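Report on one structure; see the data block that follows.
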Amino acid sequence: MDITAVCYFVGVAAIFLFYTWRILNWLWFKPKKIEKYLKDQGLKGTPYRFLYGDLKEMMNEAKSKPINFSHDIAPRVSPFFHKSLTTLGKSCFTWMETRPVVHVSEPTMIREVLANYNKYQKPRGSNPLAKLLVRGLIDVEGDQWVKHRKIINPAFYVEKLKHMIPAFYVSCNEMIQNWKKVLSKENSCEVDVWPYLQTFSSDVISCTAFGSSFEEGRKIFELQREQAALVMKATNSVYIPGLKFLPTRNNKGVFEIDKQVRGSIKGIINKRIAAMKAGEASHDDLLGILLDSNYKEIKQHGNSNFGLTIEEVIEECKLFYFAGQETTGNMLVWTMILLGQHTEWQTRARDEVLHVFGDKNPDIDGLSHLKVINIIFNEVLRLYSPAAILRRLVHDETKLGNLTLPAGSLIQINALILHHEKDMWGEDVNEFRPERFSEGVSKVTKGQNVYLPFGGGPRICIGQNFAILEAKMALAMILQRFSFELSPSYSHAPHAMPTLQPQFGAHLILHVL
């Protein structure tokens with residue numbers, strides 16, 4: 001063998017060994033080194049398992065059976081994390097494939113993580129299919145986040161939300177009329193209110209975001225819900241680079257739905273831009289306000305780089321749809337379930353609504369005076385938080401409290417578990433007691449970052465006022481017309497999909513008043 005061939009084989013062998021080492025380091029040596037590093041700082045954690053980390057344990061959690069009606073729902077909704085924090089301590093670490101997930105529950109640490117959005121950034125999932133579901137404001141970082149937030153903010157100003165009250169009323173009235181049709185032959189009947197509330201919240205976001213027809217909005221909503229189920233299935237498995245290009249049934253479904261959703265939204269946007277150019281566009285809905293704010297930002301700086309591209313506007317619209325209907329629908333369904341169980345609070349809420357409005361349509365001024373409903377919502381959001389967890393990523397080695405976190409670590413705040421901590425909320429933590437919020441959230445939490453239904457810090461949910469106003473309107477109208485209690489057929493099965501939903505519906509007995 002001549003020297004050239006020897007050099008060739010040596011070179012090939014060197015390249016092979018180099019990449020073999022890199023792969024082994026990524027899959028084994030580096031995670032094991034991080035595991036030791038975290039344990040040396042006094043943190044307890046689950047042992048790293050090759051490639052999967054704790055993913056298999058998380059995937060093997062059974063959620064098929066309902067539970068007894070208890071508000072201690074964390075063991076069902078987040079069984080792996082609940083068990084880990086119970087056995088390892090409130091501050092510990094687990095594994096998301098090859099990344100360590102450091103769980104923090106100390107209020108000062110939580111405040112620091114949520115306040116410093118440049119240092120602690122939202123992680124992008126390892127599976128790129130997840131990015132097709134929701135991006136926009138929730139996904140961008142740094143200067144891009146500042147730009148997006150500035151342009152979107154005007155859409156959620158209180159004076160703008162006032163113009164959306166009629167859309168809330170129309171959509172809720174349609175839902176109520178459908179309930180009355182079901183009850184037409186008798187004054188009481190069992191109804192699964194969950195699909196009706198989903199339709200109501202999707203109708204509202206369709207009308208307030210785009211002014212489009214309800215049917216068009218419902219189509220986008222149904223597609224996104226189907227896409228969410230496919231994405232959840234994909235993210236609950238180890239992602240292998242390039243896997244998204246394989247023509248699997250799941251992959252094809254995700255991409256086809258994404259194409260349909262983007263096409264529908266782009267068609268709405270193009271019509272609106274054409275109307276703007278003709279001087280006929282409305283600025284009373286979210287899309288109109290967003291496009292107007294975007295145009296003003298570009299005009300002010302004389303540079304399109306200061307505005308959003310059409311593709312970015314599409315992503316924000318997708319986020320409007322997904323987050324808008326998910327948050328409000330979930331909050332309302334758990335509120336009705338809890339008021340169906342605790343009918344004394346339902347009576348108190350109805351008395352307040354009748355005192356403020358009588359049989360008149362609710363208006364924005366009156367909605368601001370619904371104190372009982374305020375504290376009910378606060379307690380519902382504590383017990384049944386829409387998002388069970390909040391995650392952040394550190395790109396560089398970072399000091400957090402008395403911990404030094406390696407670059408690439410995930411930080412996890414278990415909001416749902418935090419909302420059920422006896423040390424913070426007392427022995428009655430798993431009881432429905434809205435009166436605990438009678439003097440405000442800061443009074444009961446003592447100003448600590450332990451109540452996070454909409455997140456916290458600068459990146460707190462931009463649509464929280466929209467969601468609460470919509471939910472207030474809907475609940476007020478429902479209480480004016482119906483009383484209700486839990487049906488014997490109701491099965492208590494909260495699950496994250498990805499927000500907290502009743503797995504087997506919300507069966508209530510409705511009575512026409």
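By convention here, the chains of the structure tokens are called A, B, ... in the order presented, each chain's residues are numbered starting at 1, and ligands are numbered starting at 1 in the order presented.
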
Could you pull the residues within 9 Å of segment 470-473 of chain A, counting only C-alpha atoms, minus those fewer than 2 positions along the same chain, as a count of residues only? 27

Excluding Leu452 of chain A and its own-chain neighbours fewer than 5 positions away, which residues fall within 10 Å of it when counting only C-alpha atoms? Please give them as an MDAnalysis selection string. chainID A and resid 381:382 385:390 413:416 418:419 457 460

Could you build a table of the residues in segment 155-201 of chain A lying no more than 10 Å from segment 287-292 of chain A, giving for each the nearest pair of atoms and their separation in Å rounded to one decimal place, using only C-alpha atoms, ordered by chain and ascending residue number, as CSV?
residue,atom,partner,partner_atom,distance
A:Ala155,CA,A:Ile289,CA,5.5
A:Phe156,CA,A:Ile289,CA,9.2
A:Lys160,CA,A:Ile289,CA,8.7

What's around Ile73 of chain A at 12 Å? Count only C-alpha atoms, leave out sequence neighbours fewer than 2 positions away in its own chain, and write the answer as JSON, numbers by chain. {"A": [63, 66, 67, 68, 69, 70, 71, 75, 76, 77, 78, 79, 82, 382, 383, 384, 385, 388, 416, 417, 418, 419, 420, 429, 430, 431, 492, 493, 494, 495, 496, 500, 501, 502]}

Among segment 188-343 of chain A, which residues does DSSP mark as alpha helix (DSSP H) when it is run on the backbone? Keep the chain and numbering as in the structure and answer as a VMD selection string. chain A and resid 193 to 210 214 to 235 249 to 277 286 to 301 310 to 341 343

Go ahead and write the selection's residues with C-alpha atoms as a CSV table (one decimal), in the first residue's frame.
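Listed below is the output, part_0.csv:
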chain,number,residue,atom,x,y,z
A,193,VAL,CA,-70.7,22.6,27.9
A,194,TRP,CA,-67.1,22.1,26.9
A,195,PRO,CA,-67.5,21.9,23.0
A,196,TYR,CA,-69.9,24.9,23.2
A,197,LEU,CA,-67.4,26.9,25.1
A,198,GLN,CA,-64.6,26.0,22.6
A,199,THR,CA,-66.9,27.1,19.8
A,200,PHE,CA,-67.7,30.3,21.6
A,201,SER,CA,-64.1,31.3,22.3
A,202,SER,CA,-63.1,30.4,18.7
A,203,ASP,CA,-66.0,32.5,17.3
A,204,VAL,CA,-64.9,35.5,19.5
A,205,ILE,CA,-61.3,35.3,18.4
A,206,SER,CA,-62.4,35.0,14.8
A,207,CYS,CA,-64.6,38.0,15.0
A,208,THR,CA,-62.4,40.2,17.2
A,209,ALA,CA,-59.1,39.3,15.4
A,210,PHE,CA,-60.3,39.3,11.8
A,214,PHE,CA,-67.7,32.5,12.0
A,215,GLU,CA,-67.5,29.5,9.7
A,216,GLU,CA,-64.0,30.6,8.5
A,217,GLY,CA,-62.9,31.1,12.1
A,218,ARG,CA,-64.2,27.7,13.1
A,219,LYS,CA,-62.4,26.0,10.3
A,220,ILE,CA,-59.1,27.6,11.4
A,221,PHE,CA,-59.8,26.6,15.0
A,222,GLU,CA,-60.6,23.0,14.2
A,223,LEU,CA,-57.4,22.7,12.0
A,224,GLN,CA,-55.2,24.1,14.8
A,225,ARG,CA,-56.7,21.8,17.4
A,226,GLU,CA,-56.1,18.8,15.1
A,227,GLN,CA,-52.5,20.1,14.5
A,228,ALA,CA,-51.9,20.5,18.3
A,229,ALA,CA,-52.8,16.9,18.8
A,230,LEU,CA,-50.3,15.8,16.1
A,231,VAL,CA,-47.6,18.0,17.4
A,232,MET,CA,-48.1,16.8,21.0
A,233,LYS,CA,-47.7,13.2,19.7
A,234,ALA,CA,-44.5,14.2,17.9
A,235,THR,CA,-42.9,16.1,20.9
A,249,ARG,CA,-48.6,10.0,8.4
A,250,ASN,CA,-48.1,12.3,11.4
A,251,ASN,CA,-45.6,14.5,9.5
A,252,LYS,CA,-47.8,14.8,6.4
A,253,GLY,CA,-50.8,15.7,8.6
A,254,VAL,CA,-48.9,18.5,10.5
A,255,PHE,CA,-47.5,20.1,7.3
A,256,GLU,CA,-50.8,19.8,5.4
A,257,ILE,CA,-52.7,21.5,8.2
A,258,ASP,CA,-50.0,24.2,8.5
A,259,LYS,CA,-50.4,24.9,4.8
A,260,GLN,CA,-54.2,25.2,5.1
A,261,VAL,CA,-54.1,27.5,8.2
A,262,ARG,CA,-51.4,29.8,6.7
A,263,GLY,CA,-53.4,29.9,3.4
A,264,SER,CA,-56.6,30.9,5.1
A,265,ILE,CA,-55.0,33.6,7.3
A,266,LYS,CA,-52.9,34.9,4.4
A,267,GLY,CA,-56.1,35.3,2.3
A,268,ILE,CA,-57.7,37.3,5.2
A,269,ILE,CA,-54.6,39.5,5.5
A,270,ASN,CA,-54.4,40.2,1.7
A,271,LYS,CA,-58.0,41.3,1.7
A,272,ARG,CA,-57.4,43.6,4.6
A,273,ILE,CA,-54.3,45.2,3.0
A,274,ALA,CA,-56.2,45.8,-0.2
A,275,ALA,CA,-59.0,47.5,1.9
A,276,MET,CA,-56.4,49.6,3.7
A,277,LYS,CA,-55.0,50.8,0.4
A,286,LEU,CA,-57.0,43.0,16.3
A,287,LEU,CA,-55.7,42.5,12.7
A,288,GLY,CA,-56.7,46.0,11.7
A,289,ILE,CA,-55.0,47.5,14.8
A,290,LEU,CA,-51.9,45.3,14.2
A,291,LEU,CA,-51.6,46.3,10.5
A,292,ASP,CA,-52.1,50.0,11.4
A,293,SER,CA,-49.5,49.9,14.2
A,294,ASN,CA,-47.1,48.1,11.9
A,295,TYR,CA,-47.6,50.7,9.1
A,296,LYS,CA,-47.1,53.6,11.5
A,297,GLU,CA,-43.9,52.0,12.9
A,298,ILE,CA,-42.4,51.6,9.4
A,299,LYS,CA,-43.5,55.1,8.4
A,300,GLN,CA,-42.0,56.7,11.5
A,301,HIS,CA,-38.6,55.1,10.9
A,310,ILE,CA,-46.3,39.5,6.1
A,311,GLU,CA,-45.0,36.1,7.3
A,312,GLU,CA,-44.5,37.5,10.8
A,313,VAL,CA,-48.1,39.0,10.7
A,314,ILE,CA,-49.3,35.5,9.8
A,315,GLU,CA,-47.5,34.0,12.7
A,316,GLU,CA,-49.0,36.6,15.1
A,317,CYS,CA,-52.5,35.8,13.7
A,318,LYS,CA,-52.0,32.1,14.3
A,319,LEU,CA,-51.0,32.9,17.8
A,320,PHE,CA,-54.1,35.1,18.2
A,321,TYR,CA,-56.2,32.1,17.2
A,322,PHE,CA,-54.5,29.5,19.3
A,323,ALA,CA,-53.8,31.4,22.5
A,324,GLY,CA,-57.0,33.5,22.3
A,325,GLN,CA,-59.4,30.6,22.2
A,326,GLU,CA,-57.4,28.2,24.4
A,327,THR,CA,-57.1,30.5,27.4
A,328,THR,CA,-60.6,31.8,27.6
A,329,GLY,CA,-62.3,28.5,26.8
A,330,ASN,CA,-60.3,26.7,29.4
A,331,MET,CA,-60.9,29.4,32.1
A,332,LEU,CA,-64.7,29.3,31.5
A,333,VAL,CA,-65.0,25.5,31.5
A,334,TRP,CA,-63.2,25.1,34.8
A,335,THR,CA,-65.2,28.0,36.3
A,336,MET,CA,-68.5,26.4,35.3
A,337,ILE,CA,-67.3,23.0,36.6
A,338,LEU,CA,-66.3,24.5,40.0
A,339,LEU,CA,-69.4,26.6,40.3
A,340,GLY,CA,-71.4,23.5,39.4
A,341,GLN,CA,-69.9,21.8,42.4
A,343,THR,CA,-73.4,26.2,44.1

re atom CA of Asn449 of chain A and atom CA of Val104 of chain A: distance 11.7 Å

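The closest residue to Lys422 of chain A, picked from A:Thr20, A:Asp72, A:Leu479, A:Trp28 and counting only C-alpha atoms, is A:Asp72.
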
Residue contacts of segment 34-40 of chain A (9 Å, only C-alpha atoms) excluding same-chain residues fewer than 5 positions away, as a PyMOL selection string: chain A and resi 29+45-48+93+100+403-406

Just to be explicit: take each residue in the selection above, keep C-alpha atoms, and write the result as a PDB file, in the first residue's frame.
ATOM      1  CA  PHE A  29     -20.041  12.023  28.396  1.00  0.00           C
ATOM      2  CA  GLY A  45     -31.748  14.625  40.356  1.00  0.00           C
ATOM      3  CA  THR A  46     -32.831  11.682  38.266  1.00  0.00           C
ATOM      4  CA  PRO A  47     -29.954   9.685  36.722  1.00  0.00           C
ATOM      5  CA  TYR A  48     -29.213  10.505  33.095  1.00  0.00           C
ATOM      6  CA  PHE A  93     -33.126  18.342  38.181  1.00  0.00           C
ATOM      7  CA  PRO A 100     -30.745  18.948  32.224  1.00  0.00           C
ATOM      8  CA  LEU A 403     -26.562  27.606  41.736  1.00  0.00           C
ATOM      9  CA  THR A 404     -24.275  27.764  38.708  1.00  0.00           C
ATOM     10  CA  LEU A 405     -26.112  26.404  35.678  1.00  0.00           C
ATOM     11  CA  PRO A 406     -24.162  24.953  32.725  1.00  0.00           C
TER      12      PRO A 406
END

Kindly give the distance, in Å, that separates atom CA of Gly447 of chain A and atom CA of Asn378 of chain A, rounded to a single decimal.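 Spanning atom CA of Gly447 of chain A to atom CA of Asn378 of chain A is a straight-line distance of 15.3 Å.
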
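Note that the spacing between atom CA of Glu397 of chain A and atom CA of Ser409 of chain A amounts to 8.5 Å.
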
For the strand (DSSP E or B) assignment from backbone DSSP, which residues of segment 139-298 of chain A qualify? Please present them as a PyMOL selection string. chain A and resi 188-192

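Comparing A:Arg348, A:Lys443, A:Arg391, A:Arg433 by their smallest distance to Gln121 of chain A, the closest is A:Arg391 (using only C-alpha atoms).
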
Using only C-alpha atoms, which protein or nucleic acid residues come within 12 Å of Glu190 of chain A? Drop anything in the same chain fewer than 2 positions from it, and give the result as a ChimeraX atom specification. /A:179-180,182-183,186-188,192-193,484-490,506-512

Rank nothing, just name the residue among A:Val450, A:Leu43, A:Met175, A:Ile376 nearest to Val101 of chain A, using only C-alpha atoms. A:Leu43
